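One structure below.
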Amino acid sequence: MKDKKELQQVTNCALCADMCKYSCPTYLASGNETISPQKIARLFVYEDKGLLKDRKGFSDVMFQSCMCGACKRHCVYSDYDLRKFIQMGRSIAFKEGLLPDETKKRVKTFTKYGNPNGERQLIQKGTGTVGYFISCSAYKDEALLKAMDRVLTASKMKVQQFGGADICCGAPLYYAGDPEGFTKAAQKMKKQIERRGLDRVVTMCPNCLKMMGELYPQVGVKLNVQLAHTSEFLGSLLSERKIKVKKAKGTATYHDPCLLANDMDITVAPRQIITALGYEIKEPVYTKDHTHCCGAPPGARLGFSKLADQVKSMRLSELKQTGADIYVSSCPSCKAVLSNLGVKDIAELISEQIVHG
């Protein structure tokens, strides 16, 4: 490792008491010490000293992280994020052709279609300088798309909706360890936004928000727009009375999407919406900045389906314990992964309770 500061950081992590592992969803779900934060850091120290011989084993561990940010959130060191090093490890795996099969499939599909799911049709409707970007995770969710349509229509705001085809934030390539491909996707997104004359972009997907706001600048791509998550945007529509809703009765449990809570500190806005809609919130044990990742689709941030299923099962069990009437989230991927609980997106709740006129 050329950077001495980085080597010192990861060494400190490798020698730490490793208490942050009790916030790590992959460790908690699997019980595998090898993929706890401290043990991953130790692999980098061994790698730096030339002590690692099992290249495939090293690469596999890099793809057994949810990349959820729980270890950063609960780290005793400031200005340290183990994910930076995991991403380095993924880049090595990409160069050496050692990607897990699920991740490899997503990269192959992305290379062919410009998105990880093979979408072919472009969604483009509406006008105005506010853009609503429909992520690949929301593209095939008809209920979600209809809900946002209904909310935007009721608000009478001019909003351009766009997504599908080969427009993608590039997250699948980023998490696969392909910095060159990710940079090209970022540049393409910038051109798409500029071509539409947007000055504000709203998206449901926390991954998209993280890519555009945090990671694009790291590869030299700066978007000259305001960025917002839909929970913030929809919350403002409610508070400004641009949409009116009827009150519901019952209890609701909100699942905090990991990146939204850990990287963007967006935990208040979704709960304000749920309360405004009339629900009493029943919090799970692991909530807000202690949330656990849903596991995400296999091959996305996590490279292995078995581990993704273990993380998903753990999170489903945690949420079920509240015994709430409904379960809510604000991430299309979380909604899909936690579908056994009938999770709804906040946009769907608002849509169901809109009062016209």
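FYI, nothing fancy with the structure tokens labels: chains A, B, ... in order, residues from 1 per chain, ligands from 1 as they appear.
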Taking the backbone alone, and naming residues the way the document does, which bits of range 106-330 of chain A are alpha helix (DSSP H) by DSSP, as a PyMOL selection string?
-> chain A and resi 106-113+142-155+171-175+179-195+206-210+230-239+258-262+268-276+305-320
For range 118-121 of chain A, find every residue with an atom within 7 Å (counting only C-alpha atoms), except residues of its own chain fewer than 2 positions away, and show them as a PDB file with N, CA and C atoms, in the first residue's frame.
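And here's around37.pdb as it stands now:
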ATOM      1  N   THR A 109     -24.684  -7.968 -18.013  1.00  0.00           N
ATOM      2  CA  THR A 109     -25.943  -7.366 -18.463  1.00  0.00           C
ATOM      3  C   THR A 109     -25.787  -5.861 -18.628  1.00  0.00           C
ATOM      4  N   TYR A 113     -26.669  -3.756 -21.982  1.00  0.00           N
ATOM      5  CA  TYR A 113     -27.851  -2.893 -22.041  1.00  0.00           C
ATOM      6  C   TYR A 113     -27.661  -1.492 -21.422  1.00  0.00           C
ATOM      7  N   ASN A 115     -27.626  -1.050 -18.212  1.00  0.00           N
ATOM      8  CA  ASN A 115     -28.254  -1.142 -16.893  1.00  0.00           C
ATOM      9  C   ASN A 115     -28.149  -2.597 -16.432  1.00  0.00           C
ATOM     10  N   PRO A 116     -28.314  -2.870 -15.138  1.00  0.00           N
ATOM     11  CA  PRO A 116     -28.066  -4.229 -14.622  1.00  0.00           C
ATOM     12  C   PRO A 116     -29.202  -5.217 -14.810  1.00  0.00           C
ATOM     13  N   ILE A 123     -38.105   5.670 -20.196  1.00  0.00           N
ATOM     14  CA  ILE A 123     -39.232   6.390 -19.605  1.00  0.00           C
ATOM     15  C   ILE A 123     -38.901   7.877 -19.666  1.00  0.00           C
ATOM     16  N   GLY A 164     -34.677   4.180 -17.146  1.00  0.00           N
ATOM     17  CA  GLY A 164     -34.735   3.035 -18.050  1.00  0.00           C
ATOM     18  C   GLY A 164     -33.697   3.121 -19.152  1.00  0.00           C
ATOM     19  N   ALA A 165     -33.844   2.257 -20.147  1.00  0.00           N
ATOM     20  CA  ALA A 165     -32.899   2.169 -21.270  1.00  0.00           C
ATOM     21  C   ALA A 165     -31.465   2.086 -20.729  1.00  0.00           C
TER      22      ALA A 165
END
Residues at most 6 Å from range 62-74 of chain A, counting only C-alpha atoms, excluding those fewer than 4 positions away in the same chain, as a VMD selection string?
-> chain A and resid 20 23 to 24 81 86 89 to 90 258 to 259 262 301 to 303
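Distances here use only C-alpha atoms; by that measure, the residue among A:Glu194, A:His292, A:Lys244, A:Lys249 closest to Asn224 in chain A is A:Glu194.
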Write out as JSON lines a residue-level contact list of range 83-162 of chain A versus range 197-218 of chain A with cut-off 10 Å: for each qualifying residue the closest pair of atoms and the distance in Å to one decimal, counting only C-alpha atoms, rows sorted by chain and residue number upward.
{"residue": "A:Thr127", "atom": "CA", "partner": "A:Leu198", "partner_atom": "CA", "distance": 9.7}
{"residue": "A:Gly128", "atom": "CA", "partner": "A:Leu198", "partner_atom": "CA", "distance": 7.4}
{"residue": "A:Thr129", "atom": "CA", "partner": "A:Leu198", "partner_atom": "CA", "distance": 4.3}
{"residue": "A:Val130", "atom": "CA", "partner": "A:Arg200", "partner_atom": "CA", "distance": 4.9}
{"residue": "A:Gly131", "atom": "CA", "partner": "A:Val201", "partner_atom": "CA", "distance": 4.6}
{"residue": "A:Tyr132", "atom": "CA", "partner": "A:Val202", "partner_atom": "CA", "distance": 4.8}
{"residue": "A:Phe133", "atom": "CA", "partner": "A:Thr203", "partner_atom": "CA", "distance": 5.1}
{"residue": "A:Ile134", "atom": "CA", "partner": "A:Thr203", "partner_atom": "CA", "distance": 6.6}
{"residue": "A:Ser135", "atom": "CA", "partner": "A:Cys205", "partner_atom": "CA", "distance": 6.3}
{"residue": "A:Cys136", "atom": "CA", "partner": "A:Cys205", "partner_atom": "CA", "distance": 8.8}
{"residue": "A:Ser137", "atom": "CA", "partner": "A:Cys205", "partner_atom": "CA", "distance": 7.3}
{"residue": "A:Ala138", "atom": "CA", "partner": "A:Met204", "partner_atom": "CA", "distance": 7.8}
{"residue": "A:Leu144", "atom": "CA", "partner": "A:Met204", "partner_atom": "CA", "distance": 9.9}
{"residue": "A:Val159", "atom": "CA", "partner": "A:Val201", "partner_atom": "CA", "distance": 9.5}
{"residue": "A:Gln160", "atom": "CA", "partner": "A:Leu198", "partner_atom": "CA", "distance": 8.5}
{"residue": "A:Gln161", "atom": "CA", "partner": "A:Val202", "partner_atom": "CA", "distance": 9.5}
Store the residues of this selection in a file with C-alpha atoms, as a JSON list (two decimals), in the first residue's frame.
[["chain", "number", "residue", "atom", "x", "y", "z"],
["A", 127, "THR", "CA", -41.58, 18.95, -18.24],
["A", 128, "GLY", "CA", -39.84, 21.39, -15.95],
["A", 129, "THR", "CA", -36.48, 21.85, -14.30],
["A", 130, "VAL", "CA", -37.15, 19.34, -11.51],
["A", 131, "GLY", "CA", -36.22, 15.81, -12.53],
["A", 132, "TYR", "CA", -37.42, 12.57, -10.98],
["A", 133, "PHE", "CA", -34.92, 9.85, -11.85],
["A", 134, "ILE", "CA", -36.46, 6.39, -12.01],
["A", 135, "SER", "CA", -33.73, 3.98, -10.90],
["A", 136, "CYS", "CA", -33.27, 0.46, -12.22],
["A", 137, "SER", "CA", -34.56, -0.79, -8.85],
["A", 138, "ALA", "CA", -37.85, 1.08, -9.35],
["A", 144, "LEU", "CA", -44.46, 2.40, -7.26],
["A", 159, "VAL", "CA", -41.55, 17.38, -13.04],
["A", 160, "GLN", "CA", -39.61, 15.49, -15.71],
["A", 161, "GLN", "CA", -39.61, 11.75, -15.10]]
Residue nearest Val225 in chain A - candidates A:Arg196, A:Lys335, A:Lys246, A:Arg42, atoms counted: only C-alpha atoms | A:Arg196
Of the listed residues A:Cys331, A:Met314, A:Leu349, A:Cys293, that which approaches Ile273 in chain A most closely, counting only C-alpha atoms =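 So, comparing all the options, the nearest one is A:Leu349.
Separating CA of Phe44 in chain A from CA of Phe304 in chain A is a distance of 20.8 Å.
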Counting only C-alpha atoms, the residue of A:Thr287, A:Ser351, A:Ser317, A:Gln272 that sits nearest Ile243 in chain A =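 So, comparing all the options, the nearest one is A:Ser351.
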Measure the distance from CA of Thr103 in chain A to CA of Pro298 in chain A in Å and round it to one decimal.
->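 Spanning CA of Thr103 in chain A to CA of Pro298 in chain A is a straight-line distance of 7.6 Å.
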What separates CA of Val328 in chain A and CA of Asp345 in chain A is a distance of 5.6 Å
Within 12 Å of Val355 in chain A, counting only C-alpha atoms, which residues show up once you throw out same-chain ones fewer than 2 positions away? Write them as a ChimeraX atom specification, please.
-> /A:150-151,153-155,238,241-247,277,350-353,357
Secondary structure check, strand (DSSP E or B) residues of range 137-196 of chain A, as a ChimeraX atom specification = /A:159-164
Can those selected residues be exported to a file as a tab-separated table (two decimals), in the first residue's frame so that it contains C-alpha atoms?
chain	number	residue	atom	x	y	z
A	159	VAL	CA	-41.55	17.38	-13.04
A	160	GLN	CA	-39.61	15.49	-15.71
A	161	GLN	CA	-39.61	11.75	-15.10
A	162	PHE	CA	-36.80	9.83	-16.76
A	163	GLY	CA	-35.09	6.45	-16.49
A	164	GLY	CA	-34.73	3.03	-18.05
Within 10 Å of Lys39 in chain A using only C-alpha atoms, minus same-chain residues under 2 positions, as a ChimeraX atom specification = /A:13-16,18,21,33-37,41-45,61
Using only C-alpha atoms, the residue out of A:Gly126, A:Gly50, A:Gly295, A:Gly250 with shortest distance to Val311 in chain A is A:Gly295
